[in-house]
file final.pdb (PDB, C-alpha atoms)
ATOM      1  CA  MET W   1       0.000   0.000   0.000
ATOM      2  CA  ASN W   2       1.397   3.397  -0.983
ATOM      3  CA  TRP W   3       1.676   6.507   1.227
ATOM      4  CA  ALA W   4      -1.232   8.318  -0.381
ATOM      5  CA  ASN W   5      -3.586   5.444   0.466
ATOM      6  CA  ARG W   6      -2.170   5.197   4.001
ATOM      7  CA  ILE W   7      -2.949   8.865   4.560
ATOM      8  CA  THR W   8      -6.491   8.278   3.279
ATOM      9  CA  LEU W   9      -6.899   5.393   5.742
ATOM     10  CA  ALA W  10      -5.542   7.633   8.523
ATOM     11  CA  ARG W  11      -8.278  10.151   7.650
ATOM     12  CA  MET W  12     -10.849   7.394   8.078
ATOM     13  CA  ALA W  13      -9.279   6.430  11.424
ATOM     14  CA  LEU W  14      -9.722  10.009  12.702
ATOM     15  CA  ILE W  15     -13.500   9.826  12.211
ATOM     16  CA  PRO W  16     -14.219   7.766  15.382
ATOM     17  CA  LEU W  17     -11.969  10.134  17.384
ATOM     18  CA  PHE W  18     -13.993  13.068  16.080
ATOM     19  CA  MET W  19     -17.196  11.341  17.198
ATOM     20  CA  LEU W  20     -15.803  10.661  20.682
ATOM     21  CA  CYS W  21     -15.363  14.402  21.232
ATOM     22  CA  PHE W  22     -19.148  14.768  21.318
ATOM     23  CA  VAL W  23     -20.013  11.790  23.529
ATOM     24  CA  PRO W  24     -21.427  13.074  26.836
ATOM     25  CA  LEU W  25     -19.719  11.527  29.853
ATOM     26  CA  SER W  26     -21.484  10.727  33.108
ATOM     27  CA  PRO W  27     -20.445  12.589  36.276
ATOM     28  CA  SER W  28     -19.141   9.337  37.794
ATOM     29  CA  ILE W  29     -16.718   8.862  34.900
ATOM     30  CA  LEU W  30     -15.729  12.538  34.857
ATOM     31  CA  GLY W  31     -14.799  12.414  38.544
ATOM     32  CA  GLN W  32     -12.165   9.772  37.855
ATOM     33  CA  SER W  33      -9.874  11.802  35.608
ATOM     34  CA  ALA W  34      -8.854  15.417  35.105
ATOM     35  CA  ILE W  35      -8.076  14.627  31.476
ATOM     36  CA  LEU W  36     -11.628  13.398  30.906
ATOM     37  CA  GLN W  37     -12.955  16.575  32.530
ATOM     38  CA  ILE W  38     -10.883  18.715  30.161
ATOM     39  CA  MET W  39     -12.007  16.637  27.186
ATOM     40  CA  ASN W  40     -15.627  16.963  28.280
ATOM     41  CA  GLN W  41     -15.371  20.758  28.726
ATOM     42  CA  HIS W  42     -13.551  21.322  25.435
ATOM     43  CA  GLY W  43     -14.899  18.439  23.367
ATOM     44  CA  THR W  44     -16.135  20.664  20.553
ATOM     45  CA  THR W  45     -12.750  22.392  20.293
ATOM     46  CA  PHE W  46     -10.951  19.041  20.119
ATOM     47  CA  GLY W  47     -13.534  17.872  17.591
ATOM     48  CA  VAL W  48     -12.903  20.906  15.366
ATOM     49  CA  ILE W  49      -9.129  20.326  15.513
ATOM     50  CA  ILE W  50      -9.526  16.648  14.592
ATOM     51  CA  PHE W  51     -11.956  17.561  11.809
ATOM     52  CA  ILE W  52      -9.547  20.153  10.364
ATOM     53  CA  ILE W  53      -6.653  17.675  10.459
ATOM     54  CA  ALA W  54      -8.786  14.971   8.822
ATOM     55  CA  ALA W  55     -10.055  17.350   6.130
ATOM     56  CA  GLY W  56      -6.509  18.587   5.527
ATOM     57  CA  THR W  57      -5.271  15.089   4.800
ATOM     58  CA  ASP W  58      -7.561  15.104   1.744
ATOM     59  CA  LYS W  59      -5.288  17.642   0.058
ATOM     60  CA  LEU W  60      -2.159  15.900   1.321
ATOM     61  CA  ASP W  61      -2.975  12.429   0.003
ATOM     62  CA  GLY W  62      -3.983  13.861  -3.370
ATOM     63  CA  TYR W  63      -0.763  15.887  -3.597
ATOM     64  CA  ILE W  64       1.401  12.866  -2.735
ATOM     65  CA  ALA W  65      -0.491  10.615  -5.150
ATOM     66  CA  ARG W  66       0.051  13.040  -8.047
ATOM     67  CA  LYS W  67       3.615  14.113  -7.215
ATOM     68  CA  TYR W  68       4.958  10.591  -6.706
ATOM     69  CA  ASN W  69       2.775   8.925  -9.332
ATOM     70  CA  GLN W  70       0.886   6.908  -6.723
ATOM     71  CA  VAL W  71      -2.563   7.321  -8.251
ATOM     72  CA  THR W  72      -4.323   3.954  -8.028
ATOM     73  CA  ASN W  73      -7.833   2.668  -8.576
ATOM     74  CA  LEU W  74      -7.951   1.831  -4.859
ATOM     75  CA  GLY W  75      -7.051   5.437  -4.058
ATOM     76  CA  LYS W  76      -9.708   6.728  -6.456
ATOM     77  CA  LEU W  77     -12.241   4.664  -4.535
ATOM     78  CA  LEU W  78     -10.967   5.212  -0.967
ATOM     79  CA  ASP W  79     -10.341   8.974  -1.158
ATOM     80  CA  PRO W  80     -13.906  10.051  -1.966
ATOM     81  CA  LEU W  81     -15.274   7.376   0.383
ATOM     82  CA  ALA W  82     -13.189   8.800   3.250
ATOM     83  CA  ASP W  83     -14.464  12.298   2.391
ATOM     84  CA  LYS W  84     -18.071  11.136   2.370
ATOM     85  CA  LEU W  85     -17.701   9.345   5.713
ATOM     86  CA  LEU W  86     -16.041  12.369   7.327
ATOM     87  CA  ILE W  87     -18.697  14.806   6.105
ATOM     88  CA  SER W  88     -21.606  12.446   6.867
ATOM     89  CA  VAL W  89     -20.443  11.764  10.415
ATOM     90  CA  ALA W  90     -19.875  15.488  11.037
ATOM     91  CA  LEU W  91     -23.395  16.272   9.791
ATOM     92  CA  LEU W  92     -24.920  13.538  11.948
ATOM     93  CA  VAL W  93     -23.039  14.830  15.004
ATOM     94  CA  MET W  94     -24.291  18.359  14.298
ATOM     95  CA  VAL W  95     -27.873  17.095  13.975
ATOM     96  CA  GLN W  96     -27.466  15.212  17.270
ATOM     97  CA  GLU W  97     -26.103  18.368  18.924
ATOM     98  CA  ASN W  98     -29.018  20.432  17.488
ATOM     99  CA  MET W  99     -26.645  22.635  15.506
ATOM    100  CA  ILE W 100     -28.407  22.021  12.184
ATOM    101  CA  GLY W 101     -31.730  20.683  10.945
ATOM    102  CA  SER W 102     -31.863  17.038   9.944
ATOM    103  CA  TRP W 103     -33.303  17.858   6.498
ATOM    104  CA  ILE W 104     -30.080  19.490   5.264
ATOM    105  CA  ALA W 105     -28.058  16.513   6.484
ATOM    106  CA  VAL W 106     -30.450  14.189   4.608
ATOM    107  CA  ILE W 107     -29.935  16.160   1.368
ATOM    108  CA  ILE W 108     -26.143  16.093   1.580
ATOM    109  CA  ILE W 109     -25.810  12.517   2.856
ATOM    110  CA  GLY W 110     -28.406  11.278   0.337
ATOM    111  CA  ARG W 111     -26.348  12.721  -2.510
ATOM    112  CA  GLU W 112     -23.213  11.080  -1.116
ATOM    113  CA  ILE W 113     -24.917   7.676  -0.853
ATOM    114  CA  LEU W 114     -26.170   7.945  -4.441
ATOM    115  CA  ILE W 115     -22.747   8.864  -5.828
ATOM    116  CA  THR W 116     -21.083   6.109  -3.778
ATOM    117  CA  ALA W 117     -23.558   3.585  -5.222
ATOM    118  CA  ILE W 118     -22.714   4.766  -8.746
ATOM    119  CA  ARG W 119     -19.007   4.406  -7.976
ATOM    120  CA  MET W 120     -19.555   0.876  -6.683
ATOM    121  CA  VAL W 121     -21.398  -0.104  -9.867
ATOM    122  CA  ALA W 122     -18.568   1.410 -11.916
ATOM    123  CA  THR W 123     -15.948  -0.462  -9.878
ATOM    124  CA  GLU W 124     -17.749  -3.773 -10.479
ATOM    125  CA  ARG W 125     -17.515  -3.011 -14.204
ATOM    126  CA  GLY W 126     -13.809  -2.215 -13.949
ATOM    127  CA  ILE W 127     -14.333   1.536 -14.329
ATOM    128  CA  ALA W 128     -12.733   3.948 -11.848
ATOM    129  CA  LEU W 129     -14.642   7.222 -11.580
ATOM    130  CA  ALA W 130     -12.510   9.982 -10.066
ATOM    131  CA  ALA W 131     -13.887  13.068  -8.362
ATOM    132  CA  ASP W 132     -14.396  16.079 -10.612
ATOM    133  CA  GLN W 133     -13.799  19.779  -9.968
ATOM    134  CA  TYR W 134     -17.393  20.328  -8.805
ATOM    135  CA  GLY W 135     -16.994  17.531  -6.279
ATOM    136  CA  LYS W 136     -13.834  19.167  -4.964
ATOM    137  CA  LEU W 137     -15.576  22.559  -4.667
ATOM    138  CA  LYS W 138     -18.444  20.846  -2.867
ATOM    139  CA  MET W 139     -16.002  19.310  -0.397
ATOM    140  CA  VAL W 140     -14.306  22.657   0.319
ATOM    141  CA  LEU W 141     -17.667  24.359   0.942
ATOM    142  CA  GLN W 142     -18.900  21.524   3.158
ATOM    143  CA  VAL W 143     -15.708  21.586   5.230
ATOM    144  CA  ALA W 144     -15.865  25.383   5.609
ATOM    145  CA  ALA W 145     -19.534  25.257   6.629
ATOM    146  CA  ILE W 146     -19.003  22.452   9.134
ATOM    147  CA  ILE W 147     -16.050  24.205  10.764
ATOM    148  CA  ALA W 148     -17.967  27.505  10.969
ATOM    149  CA  ILE W 149     -21.001  25.784  12.519
ATOM    150  CA  LEU W 150     -18.907  23.796  15.015
ATOM    151  CA  LEU W 151     -17.227  27.060  16.029
ATOM    152  CA  GLY W 152     -20.621  28.698  16.589
ATOM    153  CA  ASN W 153     -20.256  31.119  13.653
ATOM    154  CA  TYR W 154     -16.850  32.272  14.910
ATOM    155  CA  PRO W 155     -15.234  34.617  13.855
ATOM    156  CA  PHE W 156     -18.116  35.865  11.700
ATOM    157  CA  HIS W 157     -20.329  36.712  14.696
ATOM    158  CA  LEU W 158     -17.725  39.308  15.721
ATOM    159  CA  LEU W 159     -18.312  41.184  12.469
ATOM    160  CA  THR W 160     -21.984  40.700  11.649
ATOM    161  CA  ASP W 161     -25.286  39.384  12.960
ATOM    162  CA  ILE W 162     -25.709  37.343   9.781
ATOM    163  CA  ARG W 163     -25.372  33.585  10.315
ATOM    164  CA  VAL W 164     -22.517  33.125   7.858
ATOM    165  CA  ASP W 165     -22.063  29.533   9.018
ATOM    166  CA  MET W 166     -25.626  28.645   8.009
ATOM    167  CA  ALA W 167     -25.320  30.570   4.737
ATOM    168  CA  LEU W 168     -22.197  28.542   3.967
ATOM    169  CA  LEU W 169     -24.120  25.345   4.685
ATOM    170  CA  TRP W 170     -26.942  26.387   2.335
ATOM    171  CA  VAL W 171     -24.432  27.163  -0.423
ATOM    172  CA  ALA W 172     -22.658  23.853   0.258
ATOM    173  CA  ALA W 173     -25.970  21.972   0.031
ATOM    174  CA  GLY W 174     -26.807  23.680  -3.284
ATOM    175  CA  VAL W 175     -23.382  22.926  -4.778
ATOM    176  CA  THR W 176     -23.662  19.375  -3.430
ATOM    177  CA  LEU W 177     -26.896  18.820  -5.347
ATOM    178  CA  LEU W 178     -25.576  20.458  -8.520
ATOM    179  CA  SER W 179     -22.322  18.504  -8.409
ATOM    180  CA  GLY W 180     -24.269  15.266  -7.929
ATOM    181  CA  MET W 181     -26.427  15.956 -10.989
ATOM    182  CA  ASN W 182     -23.328  16.888 -12.995
ATOM    183  CA  TYR W 183     -21.507  13.730 -11.855
ATOM    184  CA  ILE W 184     -24.405  11.522 -12.935
ATOM    185  CA  GLN W 185     -24.711  13.283 -16.288
ATOM    186  CA  VAL W 186     -20.972  13.164 -17.072
ATOM    187  CA  ASN W 187     -20.497   9.522 -16.066
ATOM    188  CA  TYR W 188     -23.773   8.103 -17.407
ATOM    189  CA  LYS W 189     -22.370   7.440 -20.885
ATOM    190  CA  MET W 190     -19.223   5.854 -19.479
ATOM    191  CA  LEU W 191     -21.308   3.472 -17.392
ATOM    192  CA  GLN W 192     -23.497   2.640 -20.401
ATOM    193  CA  LEU W 193     -20.410   1.813 -22.457
ATOM    194  CA  GLY W 194     -19.042  -0.347 -19.649
ATOM    195  CA  LYS W 195     -22.058  -2.693 -19.642
TER     196      LYS W 195
END

call {"tool": "encode", "arguments": {"input": "final.pdb", "output": "structure tokens"}}
result
Amino acid sequence: MNWANRITLARMALIPLFMLCFVPLSPSILGQSAILQIMNQHGTTFGVIIFIIAAGTDKLDGYIARKYNQVTNLGKLLDPLADKLLISVALLVMVQENMIGSWIAVIIIGREILITAIRMVATERGIALAADQYGKLKMVLQVAAIIAILLGNYPFHLLTDIRVDMALLWVAAGVTLLSGMNYIQVNYKMLQLGK
């Protein structure tokens, strides 16, 4: 396994750690450790840091894969899958924490499930479908929106009363839908030819 794919797998391994940052701990457990108390008090902050590191590895694995000619079909499958898992888990955590409405998470996660299903069909036919530019833009917007929401609209709330974090999420949801439609349209013929 090459380094680019290892970094992708590391991104996937960070997802459970991100989730743990939002697990409420009982007072009996908290009383046993100062470290657990700190983690409980600053769980969201730790979660944001882990999320930023995980999202940052997306650029790193892609850079290494291209620079050192380590682009593989496995990497083309794992990289977008890791992205989808990271974003989906973050959205589910935010729904659980009442930071966002469930309907917007359903839209974004539904699109990701559909595109993953298309990729799986393509893989069974020996076709590797890489992410396109719209998919990359969608990922950047989703990451920015998630970070802004987890930070409680910081630093935007210092400058304006407008919920920039929620506006970012709306834009991300719109681009997510458009990129999904574009992905289906662009790859439909390739899948038809691969029958």

call {"tool": "residues_near_point", "arguments": {"input": "final.pdb", "point": "(-24.2, 29.4, 9.4)", "cutoff": "12 Å", "atoms": "only C-alpha atoms", "output": "ChimeraX atom specification"}}
result
/W:99-101,141-142,144-157,160-172

call {"tool": "closest_residue", "arguments": {"input": "final.pdb", "among": "W:Leu159, W:Ile104, W:Ile38, W:Val93", "to": "W:Val23", "atoms": "only C-alpha atoms"}}
result
W:Val93

call {"tool": "resolve_selection", "arguments": {"input": "final.pdb", "expression": "the PyMOL selection byres ((chain W and resi 135) around 10)", "output": "list of chain:residue names"}}
result
W:Pro80, W:Ala130, W:Ala131, W:Asp132, W:Gln133, W:Tyr134, W:Lys136, W:Leu137, W:Lys138, W:Met139, W:Val140, W:Leu141, W:Val175, W:Thr176, W:Leu178, W:Ser179, W:Gly180, W:Asn182, W:Tyr183

call {"tool": "atom_distance", "arguments": {"input": "final.pdb", "atom1": "atom CA of W:Asn73", "atom2": "atom CA of W:Ile87"}}
result
21.9 Å

call {"tool": "resolve_selection", "arguments": {"input": "final.pdb", "expression": "the PyMOL selection byres ((chain W and resi 8) around 8)", "output": "PDB file with C-alpha atoms, in the frame of the given file"}}
result
ATOM      1  CA  ALA W   4      -1.232   8.318  -0.381  1.00  0.00           C
ATOM      2  CA  ASN W   5      -3.586   5.444   0.466  1.00  0.00           C
ATOM      3  CA  ARG W   6      -2.170   5.197   4.001  1.00  0.00           C
ATOM      4  CA  ILE W   7      -2.949   8.865   4.560  1.00  0.00           C
ATOM      5  CA  LEU W   9      -6.899   5.393   5.742  1.00  0.00           C
ATOM      6  CA  ALA W  10      -5.542   7.633   8.523  1.00  0.00           C
ATOM      7  CA  ARG W  11      -8.278  10.151   7.650  1.00  0.00           C
ATOM      8  CA  MET W  12     -10.849   7.394   8.078  1.00  0.00           C
ATOM      9  CA  THR W  57      -5.271  15.089   4.800  1.00  0.00           C
ATOM     10  CA  ASP W  58      -7.561  15.104   1.744  1.00  0.00           C
ATOM     11  CA  ASP W  61      -2.975  12.429   0.003  1.00  0.00           C
ATOM     12  CA  GLY W  75      -7.051   5.437  -4.058  1.00  0.00           C
ATOM     13  CA  LEU W  78     -10.967   5.212  -0.967  1.00  0.00           C
ATOM     14  CA  ASP W  79     -10.341   8.974  -1.158  1.00  0.00           C
ATOM     15  CA  ALA W  82     -13.189   8.800   3.250  1.00  0.00           C
TER      16      ALA W  82
END

call {"tool": "atom_distance", "arguments": {"input": "final.pdb", "atom1": "atom CA of W:Val71", "atom2": "atom CA of W:Val48"}}
result
29.1 Å

call {"tool": "atom_distance", "arguments": {"input": "final.pdb", "atom1": "atom CA of W:Val121", "atom2": "atom CA of W:Leu74"}}
result
14.5 Å

call {"tool": "closest_residue", "arguments": {"input": "final.pdb", "among": "W:Met190, W:Met181, W:Met1, W:Leu86", "to": "W:Gly126", "atoms": "only C-alpha atoms"}}
result
W:Met190

call {"tool": "residues_around", "arguments": {"input": "final.pdb", "residues": "W:Ile50", "least_positions_apart": "2", "cutoff": "8 Å", "atoms": "all atoms listed in the file", "output": "PyMOL selection string"}}
result
chain W and resi 14+17-18+46-48+52-54

call {"tool": "residues_around", "arguments": {"input": "final.pdb", "residues": "W:Tyr68", "least_positions_apart": "5", "cutoff": "12 Å", "atoms": "all atoms listed in the file", "output": "JSON, numbers by chain"}}
result
{"W": [2, 3, 4, 60, 61, 62, 63]}

call {"tool": "residues_around", "arguments": {"input": "final.pdb", "residues": "W:Ile127", "least_positions_apart": "2", "cutoff": "9 Å", "atoms": "only C-alpha atoms", "output": "count of residues only"}}
result
11

call {"tool": "axis_aligned_box", "arguments": {"input": "final.pdb", "around": "stretch 133-150 of chain W", "padding_each_side": "3 Å", "output": "JSON"}}
result
{"center_x": -17.4, "center_y": 22.5, "center_z": 2.5, "size_x": 13.2, "size_y": 16.0, "size_z": 31.0}

call {"tool": "residues_around", "arguments": {"input": "final.pdb", "residues": "W:Gln37", "least_positions_apart": "4", "cutoff": "12 Å", "atoms": "only C-alpha atoms", "output": "VMD selection string"}}
result
chain W and resid 21 24 to 33 41 to 43

call {"tool": "resolve_selection", "arguments": {"input": "final.pdb", "expression": "the PyMOL selection byres ((chain W and resi 88) around 10)", "output": "number ranges by chain"}}
result
W: 82-87, 89-94, 105-106, 108-110, 112-113

call {"tool": "write_last_selection", "arguments": {"input": "final.pdb", "atoms": "C-alpha atoms", "output": "PDB file, in the frame of the given file"}}
result
ATOM      1  CA  ALA W  82     -13.189   8.800   3.250  1.00  0.00           C
ATOM      2  CA  ASP W  83     -14.464  12.298   2.391  1.00  0.00           C
ATOM      3  CA  LYS W  84     -18.071  11.136   2.370  1.00  0.00           C
ATOM      4  CA  LEU W  85     -17.701   9.345   5.713  1.00  0.00           C
ATOM      5  CA  LEU W  86     -16.041  12.369   7.327  1.00  0.00           C
ATOM      6  CA  ILE W  87     -18.697  14.806   6.105  1.00  0.00           C
ATOM      7  CA  VAL W  89     -20.443  11.764  10.415  1.00  0.00           C
ATOM      8  CA  ALA W  90     -19.875  15.488  11.037  1.00  0.00           C
ATOM      9  CA  LEU W  91     -23.395  16.272   9.791  1.00  0.00           C
ATOM     10  CA  LEU W  92     -24.920  13.538  11.948  1.00  0.00           C
ATOM     11  CA  VAL W  93     -23.039  14.830  15.004  1.00  0.00           C
ATOM     12  CA  MET W  94     -24.291  18.359  14.298  1.00  0.00           C
ATOM     13  CA  ALA W 105     -28.058  16.513   6.484  1.00  0.00           C
ATOM     14  CA  VAL W 106     -30.450  14.189   4.608  1.00  0.00           C
ATOM     15  CA  ILE W 108     -26.143  16.093   1.580  1.00  0.00           C
ATOM     16  CA  ILE W 109     -25.810  12.517   2.856  1.00  0.00           C
ATOM     17  CA  GLY W 110     -28.406  11.278   0.337  1.00  0.00           C
ATOM     18  CA  GLU W 112     -23.213  11.080  -1.116  1.00  0.00           C
ATOM     19  CA  ILE W 113     -24.917   7.676  -0.853  1.00  0.00           C
TER      20      ILE W 113
END
